[in-house]
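Asks: Below you'll find the structure I mean.
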Amino acid sequence: MRIAVPNKGRLHDPTLDLLDRAGLSVENVSERQLYADTVDPDITVLFARAADIPEYVADGAADLGITGYDQHCESGVENVSELLDLGYGKCRLVLAAPEEGDITDVYDLEGKTVATEFPRVARDYFADLDVSPEIVEVTGATELTPHVDMADAIIDITSTGTTLKVNRLEIVDEVLSSSVRLFARDDVRDDEKVGQVETALQSVLTAEDKRYLMLNAPRAKLDDVEDVLPGMGGPTVMDIDADEVDGEGEGAVAVHAVVDEREVFETITRLKEVGASDILVTEIERLVE
Ligand SMILES: Nc1ncnc2c1ncn2[C@@H]1O[C@H](COP(=O)(O)OP(=O)(O)OP(=O)(O)O)[C@@H](O)[C@H]1O
Ligand SMILES: O=P(O)(O)OC[C@H]1O[C@H](OP(=O)(O)OP(=O)(O)O)[C@H](O)[C@@H]1O
Ligand SMILES: [Mg+2]
């Protein structure tokens, strides 16, 4: 099975890092390489431009693809579906025009010119609104075009907004919001290997906002501790031989549980209140539910 991943650009490193964390490390990657093996002999990684990945998957050059939702929309492929939102590469495709210019809403663009690297998305967007500007396709530096009389407005990617600002452009409307997704061709959607890759990637995402919590408590306080830790399937409880934890001669327990990252602070406060000690919080690499 082949997974197409971005060969360069801002999505390359985080994608290889995610595969690594999912237990699918890509081996011996060097620049300009087209293929690489992974630790799984049945899975090969294919390096392609982010924009070409949907097409690679649709045509069967790869079975799975990892790229931006914006690129999926622009490709127009119909036999490829999204399996997972991988959460990084968050950005927006926006309609933007020169600050203090005449274009203040999308309807001002009737009969005008819009430059973009996303002509299909742009055409669909304007068609929905029944506005028909001329679309000029460029392959980069889109923000320059309004300043050299090539276009009245642009549709381009923004995340921090810095590039628009530097080029004295302001957002007129949002066209779509994007992040990196895992895509599969529909005819392999139900393959066992595809399911395994999906589970492995999902396990990293699930683990990202969870923490593993370990603590000791007097056995007499176990009920109170368990009330604080409803957790996933309840906490794991082990007898320990620790006199210093046991204040009441009933022995002590070690308790392990998975908690939401957002709840760690409050949970620790409450655990201390009910008599827990030696509380340890660690990150989780993967969590298969
Ligand atoms: N500023 C940004 N913030 C967040 N995500 C972004 C940003 N710019 C691009 N992306 C996401 O990354 C994808 C690829 O963009 P990137 O700039 O890495 O490659 P590219 O310019 O298309 O590739 P190439 O260098 O091969 O021309 C975009 O389609 C989008 O999903
Ligand atoms: O809102 P911002 O944080 O400023 O990001 C927006 C910029 O990021 C992307 O370019 P990128 O940096 O990928 O360069 P590229 O044109 O070489 O692809 C995009 O094409 C914008 O120009
Ligand atoms: Mg770019």
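Note on naming: chains are A, B, ... as they come in the structure tokens, residues start from 1 per chain, ligands start from 1 in the order shown.
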I need the residues in region 30-266 of chain A that are strand (DSSP E or B) according to DSSP; give them as a ChimeraX atom specification.

Replies: /A:35-38,44-48,64-68,80-85,91-98,113-116,134-137,153-158,169-178,180-185,210-218,236-240,252-260

Asks: Find the spatial neighbours of region 27-41 of chain A, counting only C-alpha atoms, within a cut-off of 10 Å - ignore same-chain residues fewer than 4 positions away - and output them as a list of chain:residue names.

Replies: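 Skipping anything fewer than 4 positions along the chain leaves A:Met1, A:Arg2, A:Ile3, A:Ala4, A:Val5, A:Asn7, A:Lys8, A:Leu16, A:Leu19, A:Asp20, A:Gly23, A:Val45, A:Leu46, A:Phe47, A:Ala48.
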
Asks: Taking only C-alpha atoms into account, produce a table as CSV in which each residue of region 131-244 of chain A with an atom at most 8 Å from an atom of region 62-81 of chain A appears once, together with its shortest atom pair and the distance in Å to one decimal, ordered by chain and rising number.

Replies:
residue,atom,partner,partner_atom,distance
A:Leu176,CA,A:Asp70,CA,7.6
A:Ser177,CA,A:Asp70,CA,7.7
A:Ser178,CA,A:Tyr69,CA,5.2
A:Ser179,CA,A:Gly68,CA,5.4
A:Val180,CA,A:Gly68,CA,4.2
A:Arg181,CA,A:Ile66,CA,5.8
A:Leu182,CA,A:Ile66,CA,4.8
A:Phe183,CA,A:Gly65,CA,5.0
A:Ala184,CA,A:Leu64,CA,4.4
A:Arg185,CA,A:Val80,CA,4.3
A:Asp186,CA,A:Val80,CA,5.5
A:Asp187,CA,A:Asn79,CA,8.0
A:Val188,CA,A:Asp63,CA,6.9
A:Val194,CA,A:Leu64,CA,7.7

Asks: Of the residues A:Asp59, A:Asp156, A:Glu250, A:Glu137, which is the one nearest to ligand 3, using only C-alpha atoms and all ligand atoms?

Replies: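 Of A:Asp59, A:Asp156, A:Glu250, A:Glu137, the one nearest ligand 3, counting only C-alpha atoms and all ligand atoms, is A:Asp156.
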
Asks: Using only C-alpha atoms and all ligand atoms, determine which residues fall within 12 Å of ligand 3, then list them as a ChimeraX atom specification.

Replies: /A:6,8-12,49-51,68,70-71,89,91,93,117-118,139-143,156-159,163

Asks: Kindly export the residues of the current selection with C-alpha atoms, as a PDB file, in the first residue's frame.

Replies:
ATOM      1  CA  PRO A   6       4.061  16.238   0.689  1.00  0.00           C
ATOM      2  CA  LYS A   8       8.506  19.658   0.574  1.00  0.00           C
ATOM      3  CA  GLY A   9       6.898  22.827   1.867  1.00  0.00           C
ATOM      4  CA  ARG A  10       5.401  23.402   5.271  1.00  0.00           C
ATOM      5  CA  LEU A  11       3.494  20.113   5.381  1.00  0.00           C
ATOM      6  CA  HIS A  12       6.483  17.824   4.820  1.00  0.00           C
ATOM      7  CA  ARG A  49       3.634  18.025  -4.277  1.00  0.00           C
ATOM      8  CA  ALA A  50       0.823  18.828  -1.879  1.00  0.00           C
ATOM      9  CA  ALA A  51      -1.292  19.998  -4.833  1.00  0.00           C
ATOM     10  CA  GLY A  68      -4.611  20.021   2.720  1.00  0.00           C
ATOM     11  CA  ASP A  70      -7.899  23.076   0.080  1.00  0.00           C
ATOM     12  CA  GLN A  71      -5.899  20.921  -2.332  1.00  0.00           C
ATOM     13  CA  GLY A  89      -1.820  23.020   8.393  1.00  0.00           C
ATOM     14  CA  CYS A  91      -5.414  27.968   7.167  1.00  0.00           C
ATOM     15  CA  LEU A  93      -8.662  30.509   1.655  1.00  0.00           C
ATOM     16  CA  GLU A 117      -3.686  29.453  -7.331  1.00  0.00           C
ATOM     17  CA  PHE A 118      -7.117  27.879  -6.767  1.00  0.00           C
ATOM     18  CA  THR A 139       1.340  29.657  -9.400  1.00  0.00           C
ATOM     19  CA  GLY A 140       2.660  31.776  -6.530  1.00  0.00           C
ATOM     20  CA  ALA A 141       3.177  35.301  -5.172  1.00  0.00           C
ATOM     21  CA  THR A 142      -0.551  35.883  -5.669  1.00  0.00           C
ATOM     22  CA  GLU A 143      -0.467  38.798  -3.216  1.00  0.00           C
ATOM     23  CA  ASP A 156      -5.275  32.983  -1.467  1.00  0.00           C
ATOM     24  CA  ILE A 157      -4.222  31.151   1.669  1.00  0.00           C
ATOM     25  CA  THR A 158      -3.869  33.008   4.929  1.00  0.00           C
ATOM     26  CA  SER A 159      -3.126  31.854   8.453  1.00  0.00           C
ATOM     27  CA  THR A 163       1.458  38.209   4.208  1.00  0.00           C
TER      28      THR A 163
END

Asks: Which is closer to ligand 1 than all the others in A:Ala61, A:Leu280, A:Ala97, A:Ile53, using only C-alpha atoms and all ligand atoms?

Replies: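 Closest residue, counting only C-alpha atoms and all ligand atoms: A:Ile53.
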
Asks: Running DSSP on the backbone, which parts of region 69-161 of chain A land in helix (DSSP H, G or I), as a PyMOL selection string?

Replies: chain A and resi 69-75+106-109+119-129+142-148

Asks: Can you work out which one of A:Glu134, A:Glu82, A:Asp173, A:Asp149 has the shortest atom-to-atom distance to Ile103 (chain A), counting only C-alpha atoms?

Replies: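 The closest residue to Ile103 (chain A) is A:Asp173.
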
Asks: Between CA of Leu287 (chain A) and CA of Gln202 (chain A), what is the distance, to one decimal in Å?

Replies: 8.2 Å

Asks: Would you please work out which residue, of A:Val94, A:Val274, A:Val264, A:Val26, is nearest to ligand 2 when using only C-alpha atoms and all ligand atoms?

Replies: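 Of A:Val94, A:Val274, A:Val264, A:Val26, the one nearest ligand 2, counting only C-alpha atoms and all ligand atoms, is A:Val94.
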
Asks: Which of these, A:Leu86, A:Ile43, A:Ala58, A:Leu205, has the shortest distance to ligand 1 once you count only C-alpha atoms and all ligand atoms?

Replies: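 Under the stated criterion, the closest residue is A:Leu86.
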
Asks: List the neighbours of Ala22 (chain A) out to 10 Å using only C-alpha atoms; skip same-chain residues closer than 5 positions along the sequence, and give me the result as a PyMOL selection string.

Replies: chain A and resi 16-17+197-205+285-287

Asks: Quick one, how far is CA of Gly251 (chain A) from CA of Val237 (chain A)?

Replies: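 Atom-to-atom, CA of Gly251 (chain A) to CA of Val237 (chain A), that is 12.8 Å.
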